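A.B. asks: I'm passing along entry.cif; it holds mmCIF, C-alpha atoms.
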data_query
loop_
_atom_site.label_atom_id
_atom_site.label_comp_id
_atom_site.auth_asym_id
_atom_site.auth_seq_id
_atom_site.Cartn_x
_atom_site.Cartn_y
_atom_site.Cartn_z
CA MET A 97 22.47 -32.59 -32.03
CA ILE A 98 19.45 -33.50 -29.91
CA ARG A 99 19.75 -37.15 -30.82
CA GLN A 100 23.30 -37.43 -29.53
CA GLN A 101 22.72 -35.45 -26.33
CA ALA A 102 19.44 -36.98 -25.19
CA PRO A 103 19.81 -39.36 -22.27
CA ASP A 104 16.92 -41.52 -23.51
CA ASP A 105 14.44 -41.94 -26.36
CA THR A 106 11.68 -39.99 -24.61
CA SER A 107 13.92 -36.98 -24.01
CA ARG A 108 15.12 -37.14 -27.61
CA ASP A 109 11.59 -37.26 -28.99
CA LEU A 110 10.39 -34.43 -26.75
CA GLY A 111 13.40 -32.35 -27.79
CA ILE A 112 12.58 -32.86 -31.45
CA VAL A 113 8.95 -31.84 -30.87
CA ALA A 114 10.07 -28.78 -28.87
CA ASN A 115 12.38 -27.66 -31.68
CA GLY A 116 9.52 -28.01 -34.15
CA GLN A 117 7.36 -25.86 -31.91
CA LEU A 118 10.10 -23.26 -31.62
CA ALA A 119 10.09 -22.85 -35.40
CA LEU A 120 6.29 -22.72 -35.46
CA HIS A 121 6.25 -19.99 -32.81
CA TYR A 122 8.55 -17.85 -34.94
CA TRP A 123 6.21 -18.37 -37.89
CA ILE A 124 3.16 -17.54 -35.78
CA ALA A 125 4.75 -14.28 -34.66
CA ALA A 126 5.85 -13.37 -38.19
CA PHE A 127 2.55 -14.26 -39.85
CA GLY A 128 0.59 -12.36 -37.20
CA THR A 129 2.77 -9.28 -37.60
CA ILE A 130 2.60 -9.32 -41.39
CA ARG A 131 -1.16 -9.89 -41.28
CA THR A 132 -1.60 -6.87 -39.01
CA TYR A 133 0.59 -4.65 -41.18
CA ALA A 134 -1.21 -5.77 -44.34
CA ASP A 135 -4.60 -5.19 -42.72
CA ARG A 136 -3.64 -1.69 -41.59
CA LEU A 137 -2.35 -0.88 -45.09
CA GLY A 138 -5.53 -2.08 -46.75
CA MET A 139 -3.80 -5.05 -48.37
CA ASN A 140 -6.79 -7.31 -47.79
CA GLU A 141 -5.70 -10.24 -49.95
CA THR A 142 -2.30 -10.37 -48.28
CA ALA A 143 -3.94 -10.07 -44.85
CA ARG A 144 -6.24 -13.01 -45.64
CA ALA A 145 -3.31 -15.11 -46.88
CA MET A 146 -1.30 -14.34 -43.74
CA GLN A 147 -4.31 -15.21 -41.56
CA ALA A 148 -4.62 -18.55 -43.35
CA SER A 149 -0.90 -19.17 -42.79
CA LEU A 150 -1.25 -18.13 -39.15
CA ASP A 151 -4.18 -20.50 -38.64
CA GLU A 152 -2.23 -23.35 -40.23
CA ALA A 153 0.83 -22.68 -38.05
CA LYS A 154 -1.36 -22.64 -34.92
CA GLU A 155 -2.87 -25.98 -35.95
CA GLY A 156 0.65 -27.36 -36.37
CA ASP A 157 1.58 -26.10 -32.92
CA ALA A 158 -1.48 -27.78 -31.42
CA ALA A 159 -0.56 -31.02 -33.21
CA HIS A 160 2.98 -30.84 -31.80
CA THR A 161 1.53 -30.32 -28.30
CA ALA A 162 -0.68 -33.37 -28.74
CA ILE A 163 2.31 -35.44 -29.87
CA ALA A 164 4.31 -34.34 -26.81
CA GLN A 165 1.40 -35.20 -24.53
CA ARG A 166 1.19 -38.70 -26.06
CA ILE A 167 4.93 -39.19 -25.62
CA MET A 168 4.77 -38.13 -21.96
CA ALA A 169 1.76 -40.40 -21.33
CA ASN A 170 3.77 -43.50 -22.28
#
The structure given in the file should be rewritten as structure tokens.

C.D. replies:
Amino acid sequence: MIRQQAPDDTSRDLGIVANGQLALHYWIAAFGTIRTYADRLGMNETARAMQASLDEAKEGDAAHTAIAQRIMAN
């Protein structure tokens, strides 16, 4: 959908990056919530796994931001 509606390549690429970040933000919220619940319930292994997933999703978000910044710099 983004590809057909974008007025130019830059807008298309930024739209794709933004959609990727939207998905990552949902994951960040979900992983953070699950981690907190697991921690409060004493489910330490699950809490650690969710924290690792949360950290990975945040790294992905930062990478998407860097990609968008490079696109806008061109």

A.B. asks: Need to verify the contact set: segment 126-137 of chain A, 12 Å, only C-alpha atoms, exclusion of same-chain residues closer than 6 positions in sequence. Can you return it as a ChimeraX atom specification?

C.D. replies: /A:119-120,143-154

A.B. asks: Fewer than 6 positions away in the same chain doesn't count, so skip those; otherwise give me all residues within 12 Å of Asn170 of chain A, counting all atoms listed in the file, as a list in words.

C.D. replies: Asp105, Thr106, Ile163 and Ala164 of chain A

A.B. asks: Nearest residue to Ile167 of chain A out of A:Asp109, A:Glu155, A:Gly116, A:Trp123, using only C-alpha atoms?

C.D. replies: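 The answer is A:Asp109, which sits nearest to Ile167 of chain A.
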
A.B. asks: Have a look at A:Glu141, A:Gln100, A:His160, A:Ser107 and name the one nearest to His121 of chain A; count only C-alpha atoms.

C.D. replies: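 With only C-alpha atoms as the atom set, the closest residue is A:His160.
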
A.B. asks: Between atom CA of Gln117 of chain A and atom CA of Ala158 of chain A, what is the spacing in Å?

C.D. replies: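 The value is 9.1 Å.
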
A.B. asks: Could you complete segment 151-167 of chain A so that it carries N, CA, C and O atoms, and give it back as a compact mmCIF listing (two decimals), in the coordinates of the input?

C.D. replies:
# COMPACT_ATOMS: atom_id res chain seq x y z
N ASP A 151 -3.29 -19.43 -39.12
CA ASP A 151 -4.18 -20.50 -38.64
C ASP A 151 -3.53 -21.87 -38.82
O ASP A 151 -3.60 -22.72 -37.93
N GLU A 152 -2.89 -22.07 -39.96
CA GLU A 152 -2.23 -23.35 -40.23
C GLU A 152 -1.07 -23.58 -39.25
O GLU A 152 -0.89 -24.69 -38.74
N ALA A 153 -0.28 -22.55 -38.99
CA ALA A 153 0.83 -22.68 -38.05
C ALA A 153 0.32 -22.99 -36.64
O ALA A 153 0.91 -23.81 -35.92
N LYS A 154 -0.78 -22.37 -36.24
CA LYS A 154 -1.36 -22.64 -34.92
C LYS A 154 -1.87 -24.07 -34.83
O LYS A 154 -1.75 -24.72 -33.79
N GLU A 155 -2.43 -24.58 -35.92
CA GLU A 155 -2.87 -25.98 -35.95
C GLU A 155 -1.67 -26.91 -35.82
O GLU A 155 -1.73 -27.92 -35.11
N GLY A 156 -0.57 -26.56 -36.49
CA GLY A 156 0.65 -27.36 -36.37
C GLY A 156 1.19 -27.34 -34.95
O GLY A 156 1.63 -28.37 -34.43
N ASP A 157 1.14 -26.19 -34.30
CA ASP A 157 1.58 -26.10 -32.92
C ASP A 157 0.72 -26.98 -32.01
O ASP A 157 1.25 -27.70 -31.15
N ALA A 158 -0.58 -26.94 -32.22
CA ALA A 158 -1.48 -27.78 -31.42
C ALA A 158 -1.19 -29.27 -31.66
O ALA A 158 -1.22 -30.08 -30.72
N ALA A 159 -0.89 -29.62 -32.90
CA ALA A 159 -0.56 -31.02 -33.21
C ALA A 159 0.74 -31.42 -32.52
O ALA A 159 0.83 -32.54 -31.98
N HIS A 160 1.72 -30.53 -32.50
CA HIS A 160 2.98 -30.84 -31.80
C HIS A 160 2.73 -31.02 -30.30
O HIS A 160 3.31 -31.90 -29.67
N THR A 161 1.86 -30.19 -29.72
CA THR A 161 1.53 -30.32 -28.30
C THR A 161 0.88 -31.67 -28.03
O THR A 161 1.22 -32.35 -27.06
N ALA A 162 -0.02 -32.08 -28.90
CA ALA A 162 -0.68 -33.37 -28.74
C ALA A 162 0.33 -34.52 -28.83
O ALA A 162 0.24 -35.50 -28.06
N ILE A 163 1.27 -34.41 -29.74
CA ILE A 163 2.31 -35.44 -29.87
C ILE A 163 3.13 -35.51 -28.58
O ILE A 163 3.38 -36.60 -28.05
N ALA A 164 3.53 -34.36 -28.05
CA ALA A 164 4.31 -34.34 -26.81
C ALA A 164 3.51 -34.94 -25.66
O ALA A 164 4.07 -35.70 -24.84
N GLN A 165 2.24 -34.65 -25.60
CA GLN A 165 1.40 -35.20 -24.53
C GLN A 165 1.33 -36.73 -24.64
O GLN A 165 1.36 -37.44 -23.64
N ARG A 166 1.22 -37.24 -25.87
CA ARG A 166 1.19 -38.70 -26.06
C ARG A 166 2.51 -39.32 -25.65
O ARG A 166 2.55 -40.39 -25.03
N ILE A 167 3.61 -38.67 -26.00
CA ILE A 167 4.93 -39.19 -25.62
C ILE A 167 5.05 -39.26 -24.11
O ILE A 167 5.52 -40.25 -23.56
